[in-house]
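File shown: input.txt (compact mmCIF, C-alpha atoms).
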# COMPACT_ATOMS: atom_id res chain seq x y z
CA MET A 1 0.00 0.00 0.00
CA SER A 2 1.41 3.42 -0.91
CA ARG A 3 1.41 6.34 1.55
CA ARG A 4 -1.35 7.94 -0.51
CA GLN A 5 -3.51 4.82 -0.41
CA ILE A 6 -3.03 4.54 3.34
CA ARG A 7 -4.02 8.19 3.76
CA THR A 8 -7.12 7.76 1.58
CA SER A 9 -8.14 4.74 3.60
CA VAL A 10 -7.59 6.57 6.91
CA MET A 11 -9.69 9.55 5.78
CA SER A 12 -12.44 7.34 4.44
CA ARG A 13 -12.67 5.44 7.75
CA ASN A 14 -12.70 8.78 9.55
CA ASP A 15 -15.55 10.10 7.43
CA GLU A 16 -17.61 6.97 8.06
CA ALA A 17 -17.16 7.35 11.82
CA ALA A 18 -17.97 11.07 11.54
CA SER A 19 -21.26 10.24 9.79
CA ARG A 20 -22.15 7.80 12.55
CA ASN A 21 -21.35 10.46 15.17
CA ARG A 22 -23.56 12.99 13.42
CA SER A 23 -26.47 10.52 13.24
CA PHE A 24 -26.00 9.55 16.86
CA LEU A 25 -26.01 13.17 18.05
CA ASP A 26 -29.03 13.94 15.83
CA SER A 27 -30.90 11.02 17.38
CA LEU A 28 -30.38 12.66 20.79
CA GLN A 29 -31.03 16.19 19.46
CA VAL A 30 -27.57 17.20 20.59
CA TYR A 31 -25.76 19.87 18.57
CA GLY A 32 -22.12 18.94 17.96
CA ILE A 33 -19.37 21.58 17.90
CA ASN A 34 -15.65 21.10 17.19
CA ILE A 35 -13.38 23.85 18.54
CA ILE A 36 -9.89 24.17 17.09
CA SER A 37 -7.13 26.60 18.10
CA SER A 38 -3.47 26.95 19.01
CA PRO A 39 -2.37 25.81 22.46
CA GLY A 40 -3.36 28.37 25.07
CA ALA A 41 -5.77 30.36 22.92
CA GLY A 42 -8.46 30.03 25.58
CA LYS A 43 -10.60 27.05 24.59
CA THR A 44 -11.00 25.73 28.13
CA SER A 45 -11.64 29.19 29.61
CA LEU A 46 -14.32 29.69 26.96
CA LEU A 47 -15.94 26.37 27.93
CA GLU A 48 -15.85 27.31 31.62
CA SER A 49 -17.63 30.53 30.75
CA LEU A 50 -20.17 28.79 28.50
CA GLY A 51 -20.77 26.26 31.25
CA LYS A 52 -22.08 29.07 33.43
CA SER A 53 -24.85 29.95 30.98
CA LEU A 54 -25.60 26.50 29.57
CA GLY A 55 -25.23 24.47 32.78
CA SER A 56 -26.16 20.81 32.34
CA GLU A 57 -27.19 21.44 28.73
CA LEU A 58 -23.47 21.44 27.87
CA ALA A 59 -21.27 18.37 27.64
CA VAL A 60 -17.64 18.36 26.58
CA VAL A 61 -15.18 15.95 25.01
CA GLU A 62 -11.63 17.02 25.86
CA GLY A 63 -8.79 16.17 23.54
CA ASP A 64 -5.31 16.44 24.97
CA VAL A 65 -1.96 14.97 24.03
CA LYS A 66 -1.26 14.43 27.72
CA THR A 67 -2.74 15.22 31.17
CA ARG A 68 -6.36 15.55 32.37
CA ARG A 69 -5.85 19.22 33.31
CA ASP A 70 -8.53 20.70 31.08
CA ALA A 71 -11.07 18.00 31.91
CA GLU A 72 -10.49 18.56 35.62
CA ARG A 73 -11.12 22.30 35.26
CA LEU A 74 -14.48 21.62 33.63
CA GLU A 75 -15.53 18.81 35.96
CA GLN A 76 -14.89 21.11 38.92
CA ILE A 77 -17.69 23.38 37.75
CA GLY A 78 -20.06 20.49 37.04
CA ILE A 79 -19.74 20.15 33.25
CA ARG A 80 -20.09 16.54 32.06
CA THR A 81 -16.68 15.92 30.47
CA TRP A 82 -15.08 12.96 28.74
CA GLN A 83 -11.31 12.97 28.32
CA ILE A 84 -9.47 11.60 25.31
CA GLU A 85 -5.72 11.51 25.92
CA THR A 86 -4.19 11.14 22.45
CA GLY A 87 -0.76 10.08 23.76
CA GLY A 88 1.14 11.96 21.08
CA ALA A 89 -1.36 12.27 18.24
CA CYS A 90 -1.71 15.87 17.12
CA HIS A 91 -5.48 15.86 16.50
CA LEU A 92 -8.65 13.97 17.39
CA ASP A 93 -10.27 11.66 14.88
CA ALA A 94 -13.90 10.64 14.54
CA SER A 95 -13.32 7.12 15.88
CA SER A 96 -11.93 8.36 19.18
CA VAL A 97 -14.89 10.74 19.50
CA GLU A 98 -17.27 7.87 18.64
CA SER A 99 -15.79 5.85 21.44
CA ALA A 100 -16.24 8.77 23.87
CA LEU A 101 -19.84 9.34 22.75
CA GLY A 102 -20.64 5.69 23.36
CA ARG A 103 -19.50 5.92 26.96
CA MET A 104 -20.37 9.34 28.28
CA GLY A 105 -24.10 8.74 28.64
CA LEU A 106 -25.64 11.70 26.83
CA GLU A 107 -29.43 11.84 27.22
CA ARG A 108 -32.00 13.24 24.86
CA GLY A 109 -33.66 16.25 26.42
CA ILE A 110 -30.83 16.82 28.92
CA GLN A 111 -27.68 17.73 26.97
CA LYS A 112 -28.27 20.08 24.04
CA PHE A 113 -24.69 20.91 23.08
CA LEU A 114 -21.67 18.64 22.82
CA ILE A 115 -18.48 20.60 22.38
CA VAL A 116 -15.31 18.79 21.37
CA GLU A 117 -12.22 20.68 22.48
CA ASN A 118 -9.67 19.50 19.94
CA VAL A 119 -5.92 19.17 20.58
CA GLY A 120 -4.19 22.59 20.57
CA ASN A 121 -2.96 22.80 16.98
CA LEU A 122 -3.98 25.03 14.06
CA ILE A 123 -2.95 22.60 11.33
CA CYS A 124 -3.63 18.87 11.71
CA PRO A 125 -7.12 18.95 13.32
CA SER A 126 -8.54 20.90 10.37
CA ALA A 127 -8.38 17.81 8.12
CA TYR A 128 -10.61 15.62 10.32
CA ASP A 129 -14.41 15.79 10.38
CA LEU A 130 -15.50 14.56 13.81
CA GLY A 131 -19.22 14.52 13.04
CA GLU A 132 -19.87 18.04 14.28
CA ARG A 133 -22.44 20.43 12.88
CA LEU A 134 -20.35 23.52 13.64
CA LYS A 135 -16.61 23.86 13.17
CA VAL A 136 -15.16 26.73 15.21
CA GLY A 137 -11.73 28.30 14.87
CA LEU A 138 -10.55 30.30 17.83
CA LEU A 139 -7.78 32.87 17.44
CA SER A 140 -6.58 34.73 20.52
CA LEU A 141 -5.40 38.32 20.26
CA PRO A 142 -1.88 37.64 21.61
CA GLU A 143 -1.26 35.33 18.64
CA GLY A 144 -1.34 38.29 16.25
CA ASP A 145 -3.65 39.58 13.54
CA ASP A 146 -1.56 38.00 10.74
CA LYS A 147 -2.41 34.39 11.55
CA VAL A 148 -5.53 33.80 9.44
CA LEU A 149 -3.76 33.69 6.07
CA LYS A 150 -0.84 31.78 7.56
CA TYR A 151 -3.14 28.90 8.54
CA PRO A 152 -5.68 28.78 5.69
CA SER A 153 -6.45 25.06 5.99
CA LEU A 154 -8.38 25.86 9.17
CA PHE A 155 -9.67 29.37 8.62
CA SER A 156 -11.05 28.62 5.16
CA ILE A 157 -13.36 25.84 6.39
CA ILE A 158 -14.70 27.04 9.74
CA ASP A 159 -18.30 28.07 10.26
CA LEU A 160 -17.48 30.43 13.13
CA LEU A 161 -14.36 32.45 13.93
CA ILE A 162 -14.01 33.44 17.57
CA LEU A 163 -11.50 36.19 18.33
CA SER A 164 -10.68 35.58 21.98
CA LYS A 165 -8.91 37.34 24.87
CA LEU A 166 -10.48 40.65 23.89
CA ASP A 167 -9.62 41.91 27.39
CA LEU A 168 -5.95 42.01 26.32
CA ALA A 169 -6.66 44.35 23.37
CA PRO A 170 -5.32 47.48 25.15
CA HIS A 171 -1.95 45.82 25.66
CA MET A 172 -1.22 44.77 22.08
CA ASN A 173 -1.53 45.81 18.46
CA PHE A 174 -4.17 43.50 17.09
CA ASP A 175 -6.21 44.87 14.19
CA LEU A 176 -9.57 43.14 14.59
CA GLU A 177 -10.77 44.34 11.18
CA ARG A 178 -7.68 42.93 9.47
CA ALA A 179 -8.25 39.46 10.98
CA LYS A 180 -11.96 39.56 10.10
CA ASP A 181 -11.36 40.77 6.54
CA GLU A 182 -8.67 38.17 5.91
CA CYS A 183 -10.93 35.41 7.22
CA ARG A 184 -13.82 36.56 5.00
CA SER A 185 -11.46 36.70 2.01
CA LEU A 186 -10.89 32.94 2.44
CA ASN A 187 -14.33 32.12 3.69
CA PRO A 188 -17.09 34.59 2.74
CA ASP A 189 -19.85 32.99 4.83
CA VAL A 190 -17.94 32.74 8.09
CA GLU A 191 -19.63 34.10 11.20
CA ILE A 192 -17.38 36.08 13.54
CA ILE A 193 -17.68 36.82 17.25
CA SER A 194 -15.11 38.67 19.37
CA LEU A 195 -15.17 37.95 23.08
CA SER A 196 -13.41 37.71 26.39
CA ALA A 197 -14.09 34.74 28.64
CA VAL A 198 -12.50 36.77 31.47
CA THR A 199 -14.72 39.87 31.35
CA GLY A 200 -17.70 38.10 29.75
CA ARG A 201 -17.85 40.58 26.87
CA GLY A 202 -19.24 38.86 23.76
CA MET A 203 -20.33 35.73 25.68
CA PRO A 204 -24.09 36.50 25.44
CA GLU A 205 -23.68 36.92 21.68
CA LEU A 206 -22.01 33.49 21.47
CA THR A 207 -24.67 31.80 23.59
CA GLU A 208 -27.43 33.37 21.49
CA PHE A 209 -25.68 32.27 18.31
CA LEU A 210 -25.43 28.66 19.50
CA TRP A 211 -29.09 28.54 20.52
CA ARG A 212 -30.10 30.02 17.17
CA LYS A 213 -28.19 27.27 15.35
CA TYR A 214 -29.76 24.67 17.64
CA LEU A 215 -33.30 25.95 17.12
CA GLU A 216 -32.87 26.11 13.34
CA ILE A 217 -32.76 22.33 13.48
CA TRP A 218 -34.90 21.31 16.43
CA SER A 219 -37.29 24.20 17.02
CA SER A 220 -40.41 22.15 16.34
CA ASN A 221 -39.59 19.30 18.72
CA MET B 1 4.52 -1.64 3.43
CA SER B 2 2.76 -1.11 6.75
CA ARG B 3 2.19 2.36 8.22
CA ARG B 4 4.84 1.59 10.80
CA GLN B 5 7.40 0.59 8.18
CA ILE B 6 6.65 3.74 6.18
CA ARG B 7 7.10 5.83 9.31
CA THR B 8 10.39 4.14 10.18
CA SER B 9 11.65 4.74 6.65
CA VAL B 10 10.58 8.43 6.72
CA MET B 11 12.31 9.01 10.06
CA SER B 12 15.45 7.22 8.94
CA ARG B 13 15.66 9.34 5.76
CA ASN B 14 15.09 12.43 7.91
CA ASP B 15 17.89 11.51 10.29
CA GLU B 16 20.31 11.00 7.41
CA ALA B 17 19.51 14.44 6.00
CA ALA B 18 19.82 15.93 9.51
CA SER B 19 23.33 14.46 9.83
CA ARG B 20 24.31 15.97 6.50
CA ASN B 21 22.93 19.36 7.61
CA ARG B 22 24.94 19.20 10.83
CA SER B 23 28.14 18.36 8.96
CA PHE B 24 27.51 21.10 6.41
CA LEU B 25 26.92 23.74 9.11
CA ASP B 26 29.97 22.52 11.04
CA SER B 27 32.09 22.89 7.92
CA LEU B 28 31.07 26.55 7.81
CA GLN B 29 31.36 27.02 11.59
CA VAL B 30 27.70 27.99 11.68
CA TYR B 31 25.73 27.11 14.82
CA GLY B 32 22.30 25.67 13.94
CA ILE B 33 19.25 26.38 16.10
CA ASN B 34 15.70 25.02 15.69
CA ILE B 35 12.97 27.12 17.34
CA ILE B 36 9.59 25.49 17.97
CA SER B 37 6.46 27.07 19.45
CA SER B 38 2.72 27.54 19.03
CA PRO B 39 1.51 29.95 16.37
CA GLY B 40 1.88 33.51 17.57
CA ALA B 41 4.18 32.80 20.51
CA GLY B 42 6.64 35.39 19.25
CA LYS B 43 9.26 33.50 17.23
CA THR B 44 9.53 36.13 14.49
CA SER B 45 9.59 39.05 16.95
CA LEU B 46 12.37 37.28 18.81
CA LEU B 47 14.34 36.91 15.56
CA GLU B 48 13.82 40.60 14.73
CA SER B 49 15.20 41.48 18.14
CA LEU B 50 18.13 39.05 17.82
CA GLY B 51 18.85 40.48 14.37
CA LYS B 52 19.59 43.83 16.01
CA SER B 53 22.40 42.43 18.12
CA LEU B 54 23.72 39.75 15.75
CA GLY B 55 23.34 41.67 12.47
CA SER B 56 24.82 39.82 9.50
CA GLU B 57 26.05 37.03 11.78
CA LEU B 58 22.46 35.75 11.85
CA ALA B 59 20.73 33.89 9.02
CA VAL B 60 17.24 32.46 9.19
CA VAL B 61 15.26 29.66 7.55
CA GLU B 62 11.54 30.41 7.84
CA GLY B 63 9.03 27.57 7.88
CA ASP B 64 5.44 28.49 7.19
CA VAL B 65 2.43 26.56 6.02
CA LYS B 66 1.50 29.48 3.82
CA THR B 67 2.56 33.12 3.10
CA ARG B 68 5.98 34.80 3.17
CA ARG B 69 4.90 37.19 5.93
CA ASP B 70 7.53 36.22 8.47
CA ALA B 71 10.34 36.12 5.92
CA GLU B 72 9.38 39.59 4.70
CA ARG B 73 9.52 40.99 8.25
CA LEU B 74 13.07 39.70 8.64
CA GLU B 75 14.29 40.70 5.18
CA GLN B 76 13.09 44.24 5.87
CA ILE B 77 15.63 44.55 8.64
CA GLY B 78 18.41 43.00 6.58
CA ILE B 79 18.51 39.46 7.96
CA ARG B 80 19.42 36.87 5.32
CA THR B 81 16.29 34.71 5.19
CA TRP B 82 15.25 31.66 3.22
CA GLN B 83 11.56 30.77 3.10
CA ILE B 84 10.19 27.24 3.08
CA GLU B 85 6.46 27.23 2.42
CA THR B 86 5.28 23.78 3.51
CA GLY B 87 1.95 24.00 1.69
CA GLY B 88 0.02 22.18 4.39
CA ALA B 89 2.69 20.14 6.15
CA CYS B 90 2.65 20.77 9.88
CA HIS B 91 6.42 20.74 10.46
CA LEU B 92 9.73 21.11 8.67
CA ASP B 93 11.87 18.10 7.89
CA ALA B 94 15.62 17.85 7.43
CA SER B 95 15.40 17.42 3.66
CA SER B 96 13.57 20.72 3.15
CA VAL B 97 16.15 22.45 5.38
CA GLU B 98 18.96 20.75 3.40
CA SER B 99 17.54 22.15 0.20
CA ALA B 100 17.38 25.66 1.75
CA LEU B 101 20.96 25.39 3.07
CA GLY B 102 22.17 24.45 -0.40
CA ARG B 103 20.73 27.60 -1.90
CA MET B 104 21.03 30.37 0.64
CA GLY B 105 24.74 30.94 0.25
CA LEU B 106 26.02 30.84 3.82
CA GLU B 107 29.70 31.77 4.10
CA ARG B 108 32.26 30.65 6.63
CA GLY B 109 33.35 33.59 8.75
CA ILE B 110 30.27 35.68 7.88
CA GLN B 111 27.21 33.91 9.29
CA LYS B 112 27.71 32.42 12.75
CA PHE B 113 24.15 31.44 13.62
CA LEU B 114 21.50 29.79 11.47
CA ILE B 115 18.11 29.81 13.13
CA VAL B 116 15.31 27.69 11.72
CA GLU B 117 11.90 29.06 12.65
CA ASN B 118 9.76 25.96 12.52
CA VAL B 119 6.06 25.86 11.63
CA GLY B 120 3.87 27.10 14.51
CA ASN B 121 2.95 23.83 16.21
CA LEU B 122 3.89 22.35 19.60
CA ILE B 123 3.46 18.73 18.57
CA CYS B 124 4.60 17.54 15.14
CA PRO B 125 7.90 19.48 14.80
CA SER B 126 9.27 17.91 17.96
CA ALA B 127 9.73 14.54 16.22
CA TYR B 128 12.05 15.83 13.48
CA ASP B 129 15.76 16.48 13.92
CA LEU B 130 16.72 19.14 11.38
CA GLY B 131 20.47 18.95 12.00
CA GLU B 132 20.52 21.68 14.62
CA ARG B 133 22.85 21.84 17.60
CA LEU B 134 20.31 23.58 19.83
CA LYS B 135 16.61 22.80 20.03
CA VAL B 136 14.62 25.66 21.54
CA GLY B 137 11.03 25.58 22.80
CA LEU B 138 9.36 28.93 23.16
CA LEU B 139 6.30 29.31 25.37
CA SER B 140 4.60 32.69 25.55
CA LEU B 141 2.97 33.88 28.74
CA PRO B 142 -0.52 34.29 27.22
CA GLU B 143 -0.58 30.55 26.45
CA GLY B 144 -0.71 29.74 30.16
CA ASP B 145 1.61 28.22 32.72
CA ASP B 146 0.01 24.75 32.41
CA LYS B 147 1.29 24.00 28.91
CA VAL B 148 4.63 22.29 29.60
CA LEU B 149 3.17 19.02 30.87
CA LYS B 150 0.43 19.10 28.24
CA TYR B 151 3.02 19.02 25.42
CA PRO B 152 5.77 16.81 26.82
CA SER B 153 7.02 15.56 23.45
CA LEU B 154 8.55 18.99 22.89
CA PHE B 155 9.39 20.22 26.37
CA SER B 156 11.15 16.99 27.38
CA ILE B 157 13.69 17.18 24.54
CA ILE B 158 14.59 20.86 24.23
CA ASP B 159 17.96 22.27 25.23
CA LEU B 160 16.59 25.75 25.96
CA LEU B 161 13.16 26.91 27.13
CA ILE B 162 12.37 30.54 26.35
CA LEU B 163 9.45 32.05 28.25
CA SER B 164 8.41 34.93 25.98
CA LYS B 165 6.18 38.02 26.09
CA LEU B 166 7.35 38.81 29.61
CA ASP B 167 6.04 42.37 29.08
CA LEU B 168 2.49 40.95 29.35
CA ALA B 169 3.12 39.46 32.81
CA PRO B 170 1.21 42.21 34.68
CA HIS B 171 -1.93 41.46 32.68
CA MET B 172 -2.20 37.73 33.30
CA ASN B 173 -1.72 35.01 35.89
CA PHE B 174 1.32 33.14 34.67
CA ASP B 175 3.37 31.44 37.36
CA LEU B 176 6.91 31.51 35.94
CA GLU B 177 8.19 29.17 38.64
CA ARG B 178 5.50 26.60 37.89
CA ALA B 179 6.40 26.51 34.18
CA LYS B 180 10.13 26.28 34.97
CA ASP B 181 9.66 23.57 37.61
CA GLU B 182 7.42 21.50 35.34
CA CYS B 183 9.92 21.76 32.49
CA ARG B 184 12.79 20.70 34.77
CA SER B 185 10.70 17.78 36.03
CA LEU B 186 10.63 16.44 32.44
CA ASN B 187 14.04 17.66 31.44
CA PRO B 188 16.49 18.26 34.31
CA ASP B 189 19.27 19.79 32.18
CA VAL B 190 17.14 22.33 30.32
CA GLU B 191 18.37 25.92 30.27
CA ILE B 192 15.67 28.56 30.80
CA ILE B 193 15.56 32.23 29.80
CA SER B 194 12.58 34.57 30.29
CA LEU B 195 12.42 37.55 27.98
CA SER B 196 10.43 40.15 26.11
CA ALA B 197 11.32 40.95 22.51
CA VAL B 198 9.22 44.14 22.93
CA THR B 199 11.01 45.66 25.92
CA GLY B 200 14.31 43.87 25.31
CA ARG B 201 14.38 42.43 28.83
CA GLY B 202 16.25 39.11 28.81
CA MET B 203 17.59 39.61 25.27
CA PRO B 204 21.22 40.24 26.37
CA GLU B 205 21.06 37.03 28.41
CA LEU B 206 19.92 35.11 25.32
CA THR B 207 22.60 36.62 23.07
CA GLU B 208 25.27 35.82 25.63
CA PHE B 209 23.97 32.28 25.96
CA LEU B 210 24.12 31.73 22.18
CA TRP B 211 27.68 33.09 21.94
CA ARG B 212 28.75 30.91 24.84
CA LYS B 213 27.40 27.81 23.05
CA TYR B 214 29.10 28.93 19.83
CA LEU B 215 32.45 29.52 21.51
CA GLU B 216 32.34 26.17 23.32
CA ILE B 217 32.73 24.62 19.87
CA TRP B 218 34.75 27.11 17.83
CA SER B 219 36.64 29.22 20.36
CA SER B 220 40.05 28.21 19.09
CA ASN B 221 39.41 28.95 15.43
The structure in this file should be written as structure tokens.
Amino acid sequence: MSRRQIRTSVMSRNDEAASRNRSFLDSLQVYGINIISSPGAGKTSLLESLGKSLGSELAVVEGDVKTRRDAERLEQIGIRTWQIETGGACHLDASSVESALGRMGLERGIQKFLIVENVGNLICPSAYDLGERLKVGLLSLPEGDDKVLKYPSLFSIIDLLILSKLDLAPHMNFDLERAKDECRSLNPDVEIISLSAVTGRGMPELTEFLWRKYLEIWSSN
Amino acid sequence: MSRRQIRTSVMSRNDEAASRNRSFLDSLQVYGINIISSPGAGKTSLLESLGKSLGSELAVVEGDVKTRRDAERLEQIGIRTWQIETGGACHLDASSVESALGRMGLERGIQKFLIVENVGNLICPSAYDLGERLKVGLLSLPEGDDKVLKYPSLFSIIDLLILSKLDLAPHMNFDLERAKDECRSLNPDVEIISLSAVTGRGMPELTEFLWRKYLEIWSSN
């Protein structure tokens, strides 16, 4: 088998598992979200903040190369969390998420949102569909306003761009309009929300956005 | 060929090219450095700052998934820079660096340091020896003081940990001692320098460190 054939086979198996994940979440009326960012861009802080408004309606799958640190932070505030420790792999795949979904006991009518916090990496996770309905790219202000075009494999395919750590804006030169314009140049239909999980600014807008997406699908049930 | 055999063959070819790179740089008395960090941790700003003190003694190989943005920043201040655009690959390998070294025209007695700025990624680049003498991991304060143990594949094998963006320390909770202690727990011999490329704090210490490493090898020439 050539490298290319192996890669095609891996991606095809991934897509099959992703389809099963999507059907499974649909059967429970749970809206799946895949969040991708660099290490330390604020994914876990964002989930802590979302947990305050969504409470038990939120469940999380945590992807980490090593340690249960992020999962522990979320469990401490009562968010149902399932940890996948990848042990070196630089992204999650749909099969590992399928295994988590089979074990974490989601219930129809209880959890409404399942957020997968992917491994901190702007490159490799963008190639893997996990079965989500919403793919989110998170870019934190300290990373710089030039990063969108440098990492197009992610920013060209996301449904939602979150510009995070807005509270640090006074301490750095980050041109919000540049980042937004460059993302729209790759991805004209992208939605964009700027926020700070620390001050809470922008969090109501995010929560409203997620509920709107949810109700577009399941409003009549 | 199994996936494992393909991987073994890829790594073995990489190591051969890395050895050739090391010999080539040694023949020119150029000290090779491989810098690895998350996107936006401040690698290019650090190189701009180093360029001020090292001048024409510094040459840079820039690894980016896409765009020549970083290379252009460095060329503007007169640093000899060679760009490798990986076109999707999440790390540099020794062969791509070998190709750059063959073309960029380093000269014995002119350039003393060749710094490779790897693709922004804490995971994949750590597996590839590029032929450097010094492997540097750079962690910026906004990423959080919990990241060392989350990305052990990098932080356990580096020779030097740089804690960057020290100017932002007043605006965030980053426990410098925690990050240092956790890195030493993985990697007892690691050297550690904290700095800010913006204020210049810690930069003299870094420059001195690099010269010391250089002179340990080529002091008598």
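Ranking A:Leu25, A:Leu160, A:Leu149, A:Val30 by their shortest atom-to-atom distance to chain B, with only C-alpha atoms included, puts A:Leu149 first.
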Practice item. Identify all chain A residues at most 6 Å from chain B by counting all atoms listed in the file; ligands do not count. Present them as a list in words. Key: Met1, Gly40, Lys66, Thr67, Glu143, Gly144 and Lys150 of chain A
Exercise for review: In the coordinate frame of the file, compute which residues have an atom within 10 Å of (15.6, 45.4, 10.0) when using all atoms listed in the file, and state them as a PyMOL selection string.
Suggested key: chain B and resi 48-49+51-52+55+73-79
Review point. What lies within 9 Å of region 202-215 of chain A using all atoms listed in the file, ignoring chain neighbours under 6 positions off, as JSON, numbers by chain?
Key: {"A": [29, 30, 31, 46, 49, 50, 53, 54, 112, 113, 134, 162, 166, 193, 194, 195, 196]}
Practice item. State, in Å with one decimal place, the distance from CA of Ile115 (chain B) to CA of Ile36 (chain B). Key: 10.7 Å
Practice item. Kindly give the distance, in Å, that separates CA of Ser27 (chain B) and CA of Ser56 (chain B), rounded to a single decimal. Key: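 One can read the CA of Ser27 (chain B) to CA of Ser56 (chain B) distance as 18.5 Å.
CA of Pro125 (chain A) sits 13.5 Å away from CA of Ala18 (chain A).
Here the question is which of B:Leu186, B:Ile217, B:Ile110, B:Leu92 gets nearest to Ile158 (chain B) using only C-alpha atoms, and that residue is B:Leu186.
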